[in-house]
Each structure stands twice: as C-alpha cells, then as structure tokens.
Amino acid sequence: MIQIYHNPRCGKSRKCLTFIEVEGKEYEIIQYLENPPTTDELQLLLKKLNMKPLELVRQKEKIWIENFKNKEMTDQDIIKAMVEKPILIERPIVINGDKAIIGRELDKLNSFL
C-alpha cells in the first residue's frame with residue numbers, strides 16, 4: 001500500500017493526495033507533524049528516497065534559518081533536527097514499497113506510481 005507523509009495545510013501535499021485518490025490507489029496517510037518519524041524511521045525513509053539528510057530539509061523554513069543554517073552539522077545532527085522539528089521535513093513524501101519520492105511534481109509521481 002502507498003503511504004504519503006502529508007501536511008493538509010500544504011497545497012502541494014493536497015494536490016499529491018488528490019492525484020493518488022484520482023488514480024484509485026490504496027493509500028495510508030501519515031500525519032508526520034502530529035506523529036513525527038523516529039530517527040530509525042527517518043533513516044529508512046532517506047534510504048528509500050536515496051537522499052542525504054540535508055536534501056530532505058526545507059531549508060527556507062524559518063526554524064531552519066534561525067536555528068540551523070550555516071552551522072556545522074553531521075547527518076545525524078540533521079536527522080535529529082527533523083525528528084524534533086518535523087516541519088523541517090520536505091513534503092509530500094510518497095512511499096511505494098522500498099522506494100519513495102518527494103511528490104511535488106505530478107508527472108514524476110505519475111511515473112512513480
């Protein structure tokens with residue numbers, strides 16, 4: 001079953017969810033702001049995305065700019081920041097088995113599903 005890390009306040013996330021619904025795919029919504037991923041879950045997600053932790057960070061987010069930008073951080077430090085402040089996690093993330101993508105571009109999402 002497809003999973004989507006979803007933020008209902010985000011327009012791109014809502015469009016992604018609508019696209020999945022229209023395609024008739026079964027899915028599970030993960031409200032990651034209410035139930036943040038653990039460190040292990042985030043590490044597994046990064047592996048499925050084939051991304052480095054910094055690539056998954058919303059670097060224009062005010063929390064990132066005020067607290068983390070231009071600081072020396074290890075990958076583990078960045079993961080810890082995303083676990084503690086899940087608003088920093090890029091969205092929406094769509095997981096299909098052992099692969100995942102950032103579902104912001106519907107054409108890429110279409111070929112992924």
# chains A, B, ... in the order shown; residues from 1 in each chain; ligands from 1
call {"tool": "residues_around", "arguments": {"residues": "stretch 32-41 of chain A", "least_positions_apart": "4", "cutoff": "8 Å", "atoms": "only C-alpha atoms", "output": "ChimeraX atom specification"}}
result
/A:5-7,45,79-80,83-84,86-87
call {"tool": "write_last_selection", "arguments": {"atoms": "N, CA and C atoms", "output": "compact mmCIF listing (two decimals), in the first residue's frame"}}
result
# COMPACT_ATOMS: atom_id res chain seq x y z
N TYR A 5 3.45 10.93 3.41
CA TYR A 5 3.73 11.86 4.50
C TYR A 5 3.06 13.16 4.09
N HIS A 6 2.00 13.50 4.79
CA HIS A 6 1.08 14.54 4.33
C HIS A 6 0.94 15.66 5.36
N ASN A 7 0.92 16.88 4.84
CA ASN A 7 0.60 18.06 5.63
C ASN A 7 -0.62 18.70 4.99
N LEU A 45 13.55 6.06 5.62
CA LEU A 45 12.93 6.91 4.61
C LEU A 45 13.98 7.54 3.70
N ILE A 79 19.29 14.80 11.01
CA ILE A 79 18.18 13.87 11.25
C ILE A 79 17.52 14.18 12.59
N LYS A 80 18.33 14.42 13.60
CA LYS A 80 17.79 14.76 14.93
C LYS A 80 16.94 16.03 14.86
N VAL A 83 13.61 15.13 13.32
CA VAL A 83 12.78 14.35 14.25
C VAL A 83 12.16 15.29 15.30
N GLU A 84 12.96 16.21 15.81
CA GLU A 84 12.49 17.13 16.85
C GLU A 84 11.58 18.23 16.29
N PRO A 86 9.55 18.31 12.98
CA PRO A 86 9.16 17.67 11.71
C PRO A 86 8.70 18.64 10.62
N ILE A 87 8.41 19.89 10.97
CA ILE A 87 8.05 20.88 9.95
C ILE A 87 9.21 21.07 8.97
call {"tool": "residues_around", "arguments": {"residues": "stretch 8-18 of chain A", "least_positions_apart": "6", "cutoff": "12 Å", "atoms": "only C-alpha atoms", "output": "mmCIF file with N, CA, C and O atoms, in the first residue's frame"}}
result
data_model
loop_
_atom_site.group_PDB
_atom_site.id
_atom_site.type_symbol
_atom_site.label_atom_id
_atom_site.label_comp_id
_atom_site.auth_asym_id
_atom_site.auth_seq_id
_atom_site.Cartn_x
_atom_site.Cartn_y
_atom_site.Cartn_z
ATOM 1 N N ILE A 2 0.469 2.239 -0.731
ATOM 2 C CA ILE A 2 1.174 3.510 -0.810
ATOM 3 C C ILE A 2 0.971 4.268 0.504
ATOM 4 O O ILE A 2 -0.108 4.261 1.079
ATOM 5 N N GLY A 24 -6.982 6.065 -8.066
ATOM 6 C CA GLY A 24 -7.630 4.893 -7.489
ATOM 7 C C GLY A 24 -6.691 3.995 -6.692
ATOM 8 O O GLY A 24 -6.981 2.816 -6.476
ATOM 9 N N LYS A 25 -5.571 4.549 -6.249
ATOM 10 C CA LYS A 25 -4.596 3.773 -5.483
ATOM 11 C C LYS A 25 -5.007 3.722 -4.012
ATOM 12 O O LYS A 25 -5.525 4.695 -3.468
ATOM 13 N N GLU A 26 -4.770 2.574 -3.396
ATOM 14 C CA GLU A 26 -4.971 2.481 -1.949
ATOM 15 C C GLU A 26 -3.799 3.188 -1.278
ATOM 16 O O GLU A 26 -2.660 3.067 -1.732
ATOM 17 N N TYR A 27 -4.086 3.915 -0.219
ATOM 18 C CA TYR A 27 -3.032 4.669 0.440
ATOM 19 C C TYR A 27 -3.304 4.803 1.926
ATOM 20 O O TYR A 27 -4.427 4.627 2.397
ATOM 21 N N GLU A 28 -2.250 5.128 2.618
ATOM 22 C CA GLU A 28 -2.317 5.424 4.051
ATOM 23 C C GLU A 28 -1.683 6.800 4.238
ATOM 24 O O GLU A 28 -0.604 7.065 3.708
ATOM 25 N N ILE A 29 -2.354 7.659 4.972
ATOM 26 C CA ILE A 29 -1.822 8.992 5.258
ATOM 27 C C ILE A 29 -1.032 8.935 6.556
ATOM 28 O O ILE A 29 -1.500 8.400 7.557
ATOM 29 N N ILE A 30 0.159 9.496 6.508
ATOM 30 C CA ILE A 30 0.974 9.650 7.709
ATOM 31 C C ILE A 30 1.008 11.136 8.034
ATOM 32 O O ILE A 30 1.561 11.933 7.275
ATOM 33 N N GLN A 31 0.356 11.490 9.119
ATOM 34 C CA GLN A 31 0.340 12.882 9.576
ATOM 35 C C GLN A 31 1.631 13.127 10.351
ATOM 36 O O GLN A 31 1.661 13.095 11.576
ATOM 37 N N TYR A 32 2.703 13.374 9.624
ATOM 38 C CA TYR A 32 4.032 13.427 10.230
ATOM 39 C C TYR A 32 4.239 14.598 11.184
ATOM 40 O O TYR A 32 5.130 14.557 12.029
ATOM 41 N N LEU A 33 3.422 15.636 11.083
ATOM 42 C CA LEU A 33 3.545 16.740 12.031
ATOM 43 C C LEU A 33 2.968 16.365 13.384
ATOM 44 O O LEU A 33 3.453 16.809 14.421
ATOM 45 N N GLU A 34 1.932 15.528 13.373
ATOM 46 C CA GLU A 34 1.312 15.072 14.615
ATOM 47 C C GLU A 34 2.037 13.853 15.189
ATOM 48 O O GLU A 34 2.074 13.662 16.403
ATOM 49 N N ILE A 87 8.411 19.886 10.973
ATOM 50 C CA ILE A 87 8.055 20.882 9.945
ATOM 51 C C ILE A 87 9.212 21.065 8.969
ATOM 52 O O ILE A 87 9.027 21.521 7.843
ATOM 53 N N GLU A 90 10.763 17.934 4.118
ATOM 54 C CA GLU A 90 10.144 18.241 2.826
ATOM 55 C C GLU A 90 8.904 17.373 2.640
ATOM 56 O O GLU A 90 8.851 16.238 3.097
ATOM 57 N N ARG A 91 7.919 17.899 1.935
ATOM 58 C CA ARG A 91 6.662 17.183 1.740
ATOM 59 C C ARG A 91 6.119 17.435 0.355
ATOM 60 O O ARG A 91 6.538 18.415 -0.274
ATOM 61 N N PRO A 92 5.218 16.631 -0.082
ATOM 62 C CA PRO A 92 4.804 15.343 0.467
ATOM 63 C C PRO A 92 5.802 14.252 0.057
ATOM 64 O O PRO A 92 6.455 14.362 -0.973
ATOM 65 N N ILE A 93 5.918 13.251 0.886
ATOM 66 C CA ILE A 93 6.746 12.097 0.560
ATOM 67 C C ILE A 93 5.807 10.938 0.279
ATOM 68 O O ILE A 93 4.914 10.651 1.078
ATOM 69 N N VAL A 94 6.007 10.302 -0.865
ATOM 70 C CA VAL A 94 5.181 9.162 -1.251
ATOM 71 C C VAL A 94 6.064 7.921 -1.229
ATOM 72 O O VAL A 94 7.132 7.894 -1.842
ATOM 73 N N ILE A 101 9.551 8.950 -3.142
ATOM 74 C CA ILE A 101 9.879 10.195 -3.834
ATOM 75 C C ILE A 101 9.217 11.365 -3.109
ATOM 76 O O ILE A 101 8.271 11.177 -2.349
ATOM 77 N N ILE A 102 9.732 12.547 -3.397
ATOM 78 C CA ILE A 102 9.055 13.772 -2.984
ATOM 79 C C ILE A 102 7.995 14.012 -4.066
ATOM 80 O O ILE A 102 8.327 14.152 -5.236
ATOM 81 N N GLY A 103 6.739 14.024 -3.673
ATOM 82 C CA GLY A 103 5.633 14.076 -4.640
ATOM 83 C C GLY A 103 5.175 15.461 -5.018
ATOM 84 O O GLY A 103 3.990 15.702 -5.177
ATOM 85 N N ARG A 104 6.088 16.383 -5.194
ATOM 86 C CA ARG A 104 5.719 17.757 -5.536
ATOM 87 C C ARG A 104 5.411 17.929 -7.019
ATOM 88 O O ARG A 104 4.672 18.827 -7.399
ATOM 89 N N GLU A 105 6.004 17.077 -7.857
ATOM 90 C CA GLU A 105 5.784 17.183 -9.300
ATOM 91 C C GLU A 105 4.927 16.004 -9.740
ATOM 92 O O GLU A 105 5.349 14.857 -9.664
ATOM 93 N N LEU A 106 3.714 16.300 -10.218
ATOM 94 C CA LEU A 106 2.755 15.250 -10.510
ATOM 95 C C LEU A 106 3.183 14.336 -11.665
ATOM 96 O O LEU A 106 2.849 13.160 -11.668
ATOM 97 N N ASP A 107 3.960 14.855 -12.622
ATOM 98 C CA ASP A 107 4.416 13.994 -13.705
ATOM 99 C C ASP A 107 5.391 12.933 -13.191
ATOM 100 O O ASP A 107 5.335 11.767 -13.593
ATOM 101 N N LYS A 108 6.262 13.304 -12.255
ATOM 102 C CA LYS A 108 7.171 12.320 -11.654
ATOM 103 C C LYS A 108 6.383 11.343 -10.782
ATOM 104 O O LYS A 108 6.690 10.150 -10.735
ATOM 105 N N LEU A 109 5.389 11.851 -10.100
ATOM 106 C CA LEU A 109 4.544 10.997 -9.261
ATOM 107 C C LEU A 109 3.814 9.972 -10.117
ATOM 108 O O LEU A 109 3.729 8.791 -9.755
ATOM 109 N N ASN A 110 3.318 10.392 -11.266
ATOM 110 C CA ASN A 110 2.612 9.501 -12.162
ATOM 111 C C ASN A 110 3.491 8.334 -12.583
ATOM 112 O O ASN A 110 3.059 7.171 -12.540
ATOM 113 N N LEU A 113 4.115 5.898 -9.563
ATOM 114 C CA LEU A 113 3.018 5.025 -9.132
ATOM 115 C C LEU A 113 2.805 3.924 -10.147
ATOM 116 O O LEU A 113 2.341 2.869 -9.864
#
call {"tool": "residues_around", "arguments": {"residues": "A:Phe112", "least_positions_apart": "6", "cutoff": "9 Å", "atoms": "only C-alpha atoms", "output": "MDAnalysis selection string"}}
result
chainID A and resid 96 99:101
